[in-house]
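Below is one structure; the comments refer to it alone.
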Amino acid sequence: MKRPGPLLTLLAGLLFGLFILTLNVTTGTKTVSSPYKAESPAVSASPTPATTSPSARPSASPSPSGTVAAEGVYTGRTDDDSSAVAVSLRGGRAIAYFCDGHNIESWLKGEVKDDGSLSLTGAHGAKLTAAPKGSKQLRGTADLGGGHYTFTIDKAKKPSGIYRANSQVAGAKIVGGWIVLPGGRQVGIVTRDGAPSAAPTIDPRTGVTTVDGHRLTAHPVTP
Amino acid sequence: MSVDPNAATQSFPPRPPAHRAPSPARYLVPALVAAAVAVGLGVYGKTHEPAGTAFNLAGFSSTGAVKSWLASTAFFFALIQLVSAFMVYGRLPGPRWSAKLHRWSGRIAFLVAVPVAVHCLYALGYQTYSTRVMWHSVLGCFFFGAFSAKMLLLRSERLPGWLLPFVGGLVFSVLTLIWLTSALWFFRTFGVTT
């Protein structure tokens with residue numbers, strides 16, 4: 001005689017799992033989007049001026065057949081392999097982080113134009129322009145820290161992406177930024193009261209890292 | 001769900017060896033189902049874009065803590081599994097209801113582990129960026145395959161006496177490793193928080 005007990009157990013587990021999955025799928029987008037906004041640097045503050053300006057350098061703006069880049073995060077290195085670049089797109093907004101892992105870094109933000117190109121700005125006159133190349137790449141340039149960089153970056157999956165941590169350790173203001181590249185490699189900078197230096201690695205799953213003996217948590221950044 | 005207590009205890013202790021050559025389907029079906037479950041979960045975790053709900057609201061730590069406590073609950077019931085299995089097989093003195101204890105502690109452990117697995121697969125996916133994470137991903141998928149095999153093997157009678165204890169022990173060991181690579185790591189990293 002065959003006992004139904006074990007089968008019922010398996011079935012119950014399967015149904016229970018599917019039930020939770022359905023809950024996740026139906027409520028997931030709502031719960032995910034709001035906290036990200038709260039933790040990422042405020043993008044809403046500056047409505048980008050002059051979306052009509054044709055004076056922006058034309059080299060980066062032409063997007064083949066006007067494709068709009070898919071939402072998500074793009075990561076990669078500059079063509080000269082000196083720095084890492086990551087761009088996160090969502091809801092027509094973009095945020096980018098540029099980091100050489102030593103002393104050059106920049107947070108940039110802006111909007112995605114109708115033709116799919118990006119023109120982002122950051123502190124100290126930093127500029128980054130990019131346009132989709134195919135459906136899974138962004139190609140562009142960055143002018144910041146006195147340098148001119150070109151890059152082609154690829155769409156990436158979590159835990160690849162941009163992470164940021166803000167904290168106060170022993171009276172010093174700590175700001176950390178990380179780009180986690182596919183394959184798990186990381187490039188990051190920690191700034192203590194405005195002085196940048198190479199960052200310790202974070203655990204990409206939890207965002208946990210230790211700076212000067214204090215545990216910090218870096219959060220994924222999306223626009 | 002209804003379980004007939006008499007029927008279950010009947011074949012729980014090892015039976016005398018089979019009189020006839022067993023049909024290979026009895027092993028093949030559980031093995032194939034186990035492989036399908038494990039590979040299926042892994043493929044889903046690998047191809048599905050992780051939703052990242054781990055980084056939820058006031059911090060992932062609450063989600064991580066919930067999962068860690070659920071996993072620890074599952075592990076606790078798994079320890080009961082181990083003890084009650086020895087009782088069922090008469091290696092430890094146990095009450096008459098030890099078989100029932102074994103069945104129900106197993107069900108609870110499994111059902112408690114399911115939401116943890118769903119969260120892992122849905123929010124984090126199959127990852128290999130560190131040794132701990134790699135083993136956790138592999139073993140997590142393997143566990144549900146092995147558990148399915150164990151459940152299906154229970155339905156067969158006249159199995160070799162060592163088979164169920166072996167598969168059961170495998171399921172228990174894998175769950176232990178999964179717990180060590182996740183909940184224990186979480187508690188050591190973040191402290192025992194809720």
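So you can find residues: chains in the structure tokens are A, B, ... in the order shown, residues in each start at 1, and ligands are numbered from 1 in order.
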
Counting only C-alpha atoms, which residues in chain A sit no more than 7 Å from chain B? For each one, give the nearest pair of atoms and the distance in Å, sorted by chain then residue number, as CSV.
```
residue,atom,partner,partner_atom,distance
A:Lys2,CA,B:Arg155,CA,5.5
A:Arg3,CA,B:Arg155,CA,5.7
A:Gly5,CA,B:Val3,CA,5.9
A:Pro6,CA,B:Met151,CA,4.9
A:Leu7,CA,B:Met151,CA,6.7
A:Thr9,CA,B:Arg107,CA,6.4
A:Leu10,CA,B:Ser148,CA,6.9
A:Gly13,CA,B:Leu111,CA,5.7
A:Gly17,CA,B:Val114,CA,5.8
A:Ile20,CA,B:Pro115,CA,6.7
A:Leu21,CA,B:Val118,CA,6.4
A:Val32,CA,B:Thr53,CA,5.9
A:Pro35,CA,B:Leu57,CA,5.0
A:Lys157,CA,B:Glu49,CA,6.7
A:Lys158,CA,B:Pro50,CA,6.3
A:Gly183,CA,B:Tyr129,CA,6.5
A:Gly184,CA,B:Tyr129,CA,5.3
A:Thr206,CA,B:Phe60,CA,7.0
```

Can those selected residues be exported to a file as a PDB file, in the first residue's frame so that it contains N, CA and C atoms?
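Wrote it out as again-v9.pdb, contents follow:
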```
ATOM      1  N   LYS A   2       0.480   2.189  -0.774  1.00  0.00           N
ATOM      2  CA  LYS A   2       1.260   3.420  -0.852  1.00  0.00           C
ATOM      3  C   LYS A   2       0.682   4.447   0.108  1.00  0.00           C
ATOM      4  N   ARG A   3       1.563   5.031   0.858  1.00  0.00           N
ATOM      5  CA  ARG A   3       1.112   6.032   1.818  1.00  0.00           C
ATOM      6  C   ARG A   3       1.080   7.407   1.162  1.00  0.00           C
ATOM      7  N   GLY A   5       1.064  10.271   2.775  1.00  0.00           N
ATOM      8  CA  GLY A   5       1.647  11.306   3.639  1.00  0.00           C
ATOM      9  C   GLY A   5       2.798  12.084   3.029  1.00  0.00           C
ATOM     10  N   PRO A   6       3.867  11.390   2.615  1.00  0.00           N
ATOM     11  CA  PRO A   6       5.016  12.109   2.059  1.00  0.00           C
ATOM     12  C   PRO A   6       4.663  12.950   0.839  1.00  0.00           C
ATOM     13  N   LEU A   7       3.778  12.400  -0.002  1.00  0.00           N
ATOM     14  CA  LEU A   7       3.383  13.172  -1.197  1.00  0.00           C
ATOM     15  C   LEU A   7       2.641  14.428  -0.795  1.00  0.00           C
ATOM     16  N   THR A   9       2.992  16.018   1.943  1.00  0.00           N
ATOM     17  CA  THR A   9       3.981  16.951   2.492  1.00  0.00           C
ATOM     18  C   THR A   9       4.644  17.738   1.371  1.00  0.00           C
ATOM     19  N   LEU A  10       5.084  16.996   0.351  1.00  0.00           N
ATOM     20  CA  LEU A  10       5.735  17.670  -0.782  1.00  0.00           C
ATOM     21  C   LEU A  10       4.789  18.659  -1.440  1.00  0.00           C
ATOM     22  N   GLY A  13       4.297  21.739   0.604  1.00  0.00           N
ATOM     23  CA  GLY A  13       5.457  22.628   0.477  1.00  0.00           C
ATOM     24  C   GLY A  13       5.450  23.367  -0.841  1.00  0.00           C
ATOM     25  N   GLY A  17       5.149  27.324  -1.214  1.00  0.00           N
ATOM     26  CA  GLY A  17       6.187  28.078  -1.915  1.00  0.00           C
ATOM     27  C   GLY A  17       5.600  28.937  -3.024  1.00  0.00           C
ATOM     28  N   ILE A  20       3.802  31.980  -1.585  1.00  0.00           N
ATOM     29  CA  ILE A  20       4.696  33.064  -1.161  1.00  0.00           C
ATOM     30  C   ILE A  20       5.300  33.767  -2.373  1.00  0.00           C
ATOM     31  N   LEU A  21       5.618  32.956  -3.376  1.00  0.00           N
ATOM     32  CA  LEU A  21       6.171  33.546  -4.599  1.00  0.00           C
ATOM     33  C   LEU A  21       5.173  34.522  -5.213  1.00  0.00           C
ATOM     34  N   VAL A  32       9.822  47.323  -3.041  1.00  0.00           N
ATOM     35  CA  VAL A  32      11.213  47.542  -3.411  1.00  0.00           C
ATOM     36  C   VAL A  32      11.463  49.003  -3.764  1.00  0.00           C
ATOM     37  N   PRO A  35      11.875  52.148  -0.702  1.00  0.00           N
ATOM     38  CA  PRO A  35      13.068  52.281   0.124  1.00  0.00           C
ATOM     39  C   PRO A  35      14.300  52.686  -0.690  1.00  0.00           C
ATOM     40  N   LYS A 157      23.624  42.114 -13.655  1.00  0.00           N
ATOM     41  CA  LYS A 157      22.604  41.623 -12.726  1.00  0.00           C
ATOM     42  C   LYS A 157      23.104  41.786 -11.310  1.00  0.00           C
ATOM     43  N   LYS A 158      22.170  41.825 -10.401  1.00  0.00           N
ATOM     44  CA  LYS A 158      22.553  41.846  -9.002  1.00  0.00           C
ATOM     45  C   LYS A 158      23.380  40.607  -8.697  1.00  0.00           C
ATOM     46  N   GLY A 183      31.201  39.134 -11.741  1.00  0.00           N
ATOM     47  CA  GLY A 183      32.317  38.321 -11.297  1.00  0.00           C
ATOM     48  C   GLY A 183      32.725  38.654  -9.879  1.00  0.00           C
ATOM     49  N   GLY A 184      32.115  39.698  -9.326  1.00  0.00           N
ATOM     50  CA  GLY A 184      32.333  39.975  -7.918  1.00  0.00           C
ATOM     51  C   GLY A 184      33.436  40.972  -7.620  1.00  0.00           C
ATOM     52  N   THR A 206      24.814  41.739   1.483  1.00  0.00           N
ATOM     53  CA  THR A 206      24.257  42.483   2.605  1.00  0.00           C
ATOM     54  C   THR A 206      24.687  43.934   2.606  1.00  0.00           C
TER      55      THR A 206
END
```

### Query
So which residues touch Ala78 of chain B within 10 Å, counting only C-alpha atoms, skipping near sequence neighbours fewer than 6 positions away, as a PyMOL selection string?
chain B and resi 72+84+102+105-110+171-173+175-176

### Message
Given only C-alpha atoms as the basis, pick out the residue of B:Cys120, B:Leu164, B:Leu180, B:Ala25 nearest to Arg205 of chain A.
### Response
B:Cys120

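Atom CA of Lys113 of chain A to atom CA of Trp178 of chain A spans 26.1 Å [interatomic distance, one decimal].
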
### Message
Report, in Å to a single decimal, how far apart atom CA of Leu177 of chain B and atom CA of Val43 of chain B are.
### Response
21.0 Å

### Message
So that I can check the surroundings of Pro182 of chain A, please list as a list of chain:residue names every protein, DNA and RNA residue that reaches within 8 Å of it, counting only C-alpha atoms and ignoring chain neighbours fewer than 3 positions away.
### Response
A:Thr75, A:Ala156, A:Lys157, A:Ser160, A:Arg185

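In this comparison, which uses only C-alpha atoms, the residue of B:Pro24, B:Gly40, B:Gly45, B:Pro165 approaching Tyr89 of chain B most closely is B:Pro165.
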
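Restricting the calculation to only C-alpha atoms, the smallest distance between Ile189 of chain A and any of A:Gly177, A:Gly91, A:Gly116, A:Pro159 is found for A:Gly177.
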
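Near segment 100-106 of chain A, within a cut-off of 8 Å and counting only C-alpha atoms, sit the residues Ser82, Ser83, Ala84, Gly122, Ala123, Ala126, Leu144, Gly145, Val187, Gly188, Ile189, Pro196, Ser197, Ala198 and Ala199 of chain A, with same-chain residues fewer than 6 positions away left out.
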
With N, CA and C atoms retained, could you export that selection as a PDB file, in the first residue's frame?
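And here's out.pdb as it stands now:
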```
ATOM      1  N   SER A  82      41.292  52.300 -16.346  1.00  0.00           N
ATOM      2  CA  SER A  82      41.754  52.949 -15.120  1.00  0.00           C
ATOM      3  C   SER A  82      40.665  53.001 -14.061  1.00  0.00           C
ATOM      4  N   SER A  83      39.431  53.017 -14.471  1.00  0.00           N
ATOM      5  CA  SER A  83      38.351  53.278 -13.526  1.00  0.00           C
ATOM      6  C   SER A  83      37.153  52.397 -13.848  1.00  0.00           C
ATOM      7  N   ALA A  84      36.256  52.370 -12.896  1.00  0.00           N
ATOM      8  CA  ALA A  84      35.002  51.654 -13.102  1.00  0.00           C
ATOM      9  C   ALA A  84      33.866  52.656 -13.246  1.00  0.00           C
ATOM     10  N   GLY A 122      27.485  66.050 -12.237  1.00  0.00           N
ATOM     11  CA  GLY A 122      27.817  65.831 -10.838  1.00  0.00           C
ATOM     12  C   GLY A 122      28.556  67.027 -10.278  1.00  0.00           C
ATOM     13  N   ALA A 123      29.036  66.887  -9.063  1.00  0.00           N
ATOM     14  CA  ALA A 123      29.730  67.979  -8.393  1.00  0.00           C
ATOM     15  C   ALA A 123      31.027  68.320  -9.119  1.00  0.00           C
ATOM     16  N   ALA A 126      31.493  67.750 -13.061  1.00  0.00           N
ATOM     17  CA  ALA A 126      31.620  66.426 -13.679  1.00  0.00           C
ATOM     18  C   ALA A 126      30.484  66.203 -14.668  1.00  0.00           C
ATOM     19  N   LEU A 144      35.681  64.295 -15.897  1.00  0.00           N
ATOM     20  CA  LEU A 144      35.681  64.635 -14.472  1.00  0.00           C
ATOM     21  C   LEU A 144      37.089  64.483 -13.927  1.00  0.00           C
ATOM     22  N   GLY A 145      37.340  65.163 -12.830  1.00  0.00           N
ATOM     23  CA  GLY A 145      38.647  65.077 -12.191  1.00  0.00           C
ATOM     24  C   GLY A 145      39.788  65.444 -13.121  1.00  0.00           C
ATOM     25  N   VAL A 187      35.202  48.000  -7.029  1.00  0.00           N
ATOM     26  CA  VAL A 187      36.007  49.213  -7.032  1.00  0.00           C
ATOM     27  C   VAL A 187      35.278  50.194  -6.130  1.00  0.00           C
ATOM     28  N   GLY A 188      35.999  50.727  -5.166  1.00  0.00           N
ATOM     29  CA  GLY A 188      35.296  51.616  -4.243  1.00  0.00           C
ATOM     30  C   GLY A 188      36.211  52.637  -3.615  1.00  0.00           C
ATOM     31  N   ILE A 189      35.594  53.683  -3.151  1.00  0.00           N
ATOM     32  CA  ILE A 189      36.325  54.746  -2.470  1.00  0.00           C
ATOM     33  C   ILE A 189      35.574  55.120  -1.207  1.00  0.00           C
ATOM     34  N   PRO A 196      39.580  61.225   0.103  1.00  0.00           N
ATOM     35  CA  PRO A 196      39.279  59.911  -0.457  1.00  0.00           C
ATOM     36  C   PRO A 196      40.423  58.911  -0.290  1.00  0.00           C
ATOM     37  N   SER A 197      40.060  57.660  -0.181  1.00  0.00           N
ATOM     38  CA  SER A 197      41.051  56.590  -0.187  1.00  0.00           C
ATOM     39  C   SER A 197      40.345  55.313  -0.632  1.00  0.00           C
ATOM     40  N   ALA A 198      41.159  54.290  -0.935  1.00  0.00           N
ATOM     41  CA  ALA A 198      40.580  53.033  -1.395  1.00  0.00           C
ATOM     42  C   ALA A 198      39.672  52.457  -0.318  1.00  0.00           C
ATOM     43  N   ALA A 199      38.574  51.864  -0.763  1.00  0.00           N
ATOM     44  CA  ALA A 199      37.589  51.363   0.190  1.00  0.00           C
ATOM     45  C   ALA A 199      37.811  49.884   0.451  1.00  0.00           C
TER      46      ALA A 199
END
```

Please extract the residues of segment 138-181 of chain B with a backbone DSSP assignment of helix (DSSP H, G or I) and present them as a tab-separated table (two decimals) with N, CA, C and O atoms, in the first residue's frame.
```
chain	number	residue	atom	x	y	z
B	138	VAL	N	24.56	25.98	-4.06
B	138	VAL	CA	24.56	24.60	-4.55
B	138	VAL	C	23.78	23.70	-3.60
B	138	VAL	O	22.88	22.96	-4.00
B	139	LEU	N	24.10	23.82	-2.31
B	139	LEU	CA	23.48	22.93	-1.33
B	139	LEU	C	22.00	23.23	-1.16
B	139	LEU	O	21.20	22.32	-0.92
B	140	GLY	N	21.64	24.51	-1.27
B	140	GLY	CA	20.23	24.86	-1.15
B	140	GLY	C	19.39	24.17	-2.21
B	140	GLY	O	18.32	23.63	-1.92
B	141	CYS	N	19.89	24.19	-3.44
B	141	CYS	CA	19.16	23.49	-4.51
B	141	CYS	C	19.18	21.99	-4.27
B	141	CYS	O	18.17	21.30	-4.43
B	142	PHE	N	20.35	21.49	-3.86
B	142	PHE	CA	20.50	20.05	-3.64
B	142	PHE	C	19.54	19.57	-2.55
B	142	PHE	O	18.96	18.50	-2.65
B	143	PHE	N	19.38	20.41	-1.51
B	143	PHE	CA	18.57	20.00	-0.37
B	143	PHE	C	17.15	19.65	-0.79
B	143	PHE	O	16.62	18.60	-0.42
B	144	PHE	N	16.53	20.52	-1.57
B	144	PHE	CA	15.14	20.26	-1.92
B	144	PHE	C	15.01	19.07	-2.86
B	144	PHE	O	14.00	18.37	-2.84
B	145	GLY	N	16.05	18.83	-3.66
B	145	GLY	CA	16.07	17.61	-4.45
B	145	GLY	C	16.16	16.39	-3.57
B	145	GLY	O	15.37	15.44	-3.69
B	146	ALA	N	17.10	16.41	-2.63
B	146	ALA	CA	17.29	15.27	-1.74
B	146	ALA	C	16.05	15.03	-0.89
B	146	ALA	O	15.65	13.89	-0.66
B	147	PHE	N	15.44	16.13	-0.46
B	147	PHE	CA	14.23	15.98	0.36
B	147	PHE	C	13.11	15.34	-0.45
B	147	PHE	O	12.39	14.46	0.04
B	148	SER	N	12.95	15.77	-1.70
B	148	SER	CA	11.93	15.16	-2.55
B	148	SER	C	12.19	13.67	-2.70
B	148	SER	O	11.27	12.85	-2.63
B	149	ALA	N	13.46	13.33	-2.90
B	149	ALA	CA	13.80	11.91	-3.05
B	149	ALA	C	13.43	11.14	-1.79
B	149	ALA	O	12.86	10.04	-1.85
B	150	LYS	N	13.74	11.74	-0.64
B	150	LYS	CA	13.42	11.07	0.62
B	150	LYS	C	11.91	10.83	0.73
B	150	LYS	O	11.46	9.74	1.11
B	151	MET	N	11.13	11.85	0.39
B	151	MET	CA	9.68	11.71	0.49
B	151	MET	C	9.17	10.62	-0.44
B	151	MET	O	8.32	9.81	-0.08
B	152	LEU	N	9.72	10.59	-1.65
B	152	LEU	CA	9.24	9.60	-2.61
B	152	LEU	C	9.69	8.19	-2.23
B	152	LEU	O	8.95	7.22	-2.41
B	153	LEU	N	10.89	8.09	-1.67
B	153	LEU	CA	11.38	6.77	-1.25
B	153	LEU	C	10.53	6.21	-0.12
B	153	LEU	O	10.35	4.99	-0.01
B	154	LEU	N	9.99	7.10	0.71
B	154	LEU	CA	9.16	6.64	1.82
B	154	LEU	C	7.96	5.86	1.31
B	154	LEU	O	7.40	5.03	2.03
B	163	LEU	N	18.99	2.39	3.07
B	163	LEU	CA	18.77	3.49	2.12
B	163	LEU	C	18.10	4.70	2.77
B	163	LEU	O	18.59	5.83	2.64
B	164	LEU	N	17.00	4.46	3.50
B	164	LEU	CA	16.31	5.60	4.11
B	164	LEU	C	17.18	6.34	5.12
B	164	LEU	O	17.27	7.57	5.08
B	165	PRO	N	17.86	5.61	6.02
B	165	PRO	CA	18.75	6.33	6.93
B	165	PRO	C	19.83	7.11	6.18
B	165	PRO	O	20.19	8.23	6.58
B	166	PHE	N	20.31	6.53	5.10
B	166	PHE	CA	21.35	7.22	4.34
B	166	PHE	C	20.81	8.52	3.74
B	166	PHE	O	21.40	9.59	3.89
B	167	VAL	N	19.68	8.41	3.05
B	167	VAL	CA	19.13	9.62	2.41
B	167	VAL	C	18.71	10.63	3.47
B	167	VAL	O	18.95	11.84	3.34
B	168	GLY	N	18.11	10.12	4.55
B	168	GLY	CA	17.72	11.02	5.64
B	168	GLY	C	18.93	11.73	6.23
B	168	GLY	O	18.90	12.94	6.47
B	169	GLY	N	19.99	10.96	6.44
B	169	GLY	CA	21.21	11.57	6.97
B	169	GLY	C	21.79	12.60	6.02
B	169	GLY	O	22.28	13.65	6.43
B	170	LEU	N	21.68	12.30	4.72
B	170	LEU	CA	22.16	13.25	3.71
B	170	LEU	C	21.37	14.54	3.79
B	170	LEU	O	21.93	15.65	3.80
B	171	VAL	N	20.04	14.41	3.87
B	171	VAL	CA	19.19	15.60	3.95
B	171	VAL	C	19.55	16.42	5.19
B	171	VAL	O	19.70	17.65	5.13
B	172	PHE	N	19.75	15.71	6.31
B	172	PHE	CA	20.08	16.42	7.55
B	172	PHE	C	21.44	17.12	7.43
B	172	PHE	O	21.58	18.29	7.81
B	173	SER	N	22.43	16.42	6.88
B	173	SER	CA	23.77	17.01	6.77
B	173	SER	C	23.73	18.25	5.88
B	173	SER	O	24.35	19.27	6.19
B	174	VAL	N	23.02	18.12	4.77
B	174	VAL	CA	22.98	19.26	3.84
B	174	VAL	C	22.28	20.44	4.49
B	174	VAL	O	22.74	21.59	4.38
B	175	LEU	N	21.21	20.18	5.21
B	175	LEU	CA	20.51	21.28	5.88
B	175	LEU	C	21.44	21.95	6.89
B	175	LEU	O	21.46	23.18	7.02
B	176	THR	N	22.22	21.12	7.59
B	176	THR	CA	23.18	21.68	8.55
B	176	THR	C	24.16	22.61	7.84
B	176	THR	O	24.43	23.73	8.31
B	177	LEU	N	24.69	22.15	6.73
B	177	LEU	CA	25.65	22.99	5.99
B	177	LEU	C	24.99	24.27	5.50
B	177	LEU	O	25.58	25.35	5.54
B	178	ILE	N	23.75	24.15	5.03
B	178	ILE	CA	23.04	25.35	4.57
B	178	ILE	C	22.87	26.34	5.71
B	178	ILE	O	23.06	27.55	5.55
B	179	TRP	N	22.53	25.79	6.87
B	179	TRP	CA	22.34	26.67	8.04
B	179	TRP	C	23.66	27.34	8.42
B	179	TRP	O	23.71	28.52	8.72
B	180	LEU	N	24.74	26.55	8.39
B	180	LEU	CA	26.05	27.10	8.76
B	180	LEU	C	26.47	28.22	7.81
B	180	LEU	O	27.06	29.21	8.23
B	181	THR	N	26.15	28.04	6.51
B	181	THR	CA	26.60	29.04	5.54
B	181	THR	C	25.65	30.22	5.43
B	181	THR	O	25.91	31.13	4.66
```

### Query
By how many Å are atom CA of Ala74 of chain B and atom CA of Gly207 of chain A apart?
26.0 Å
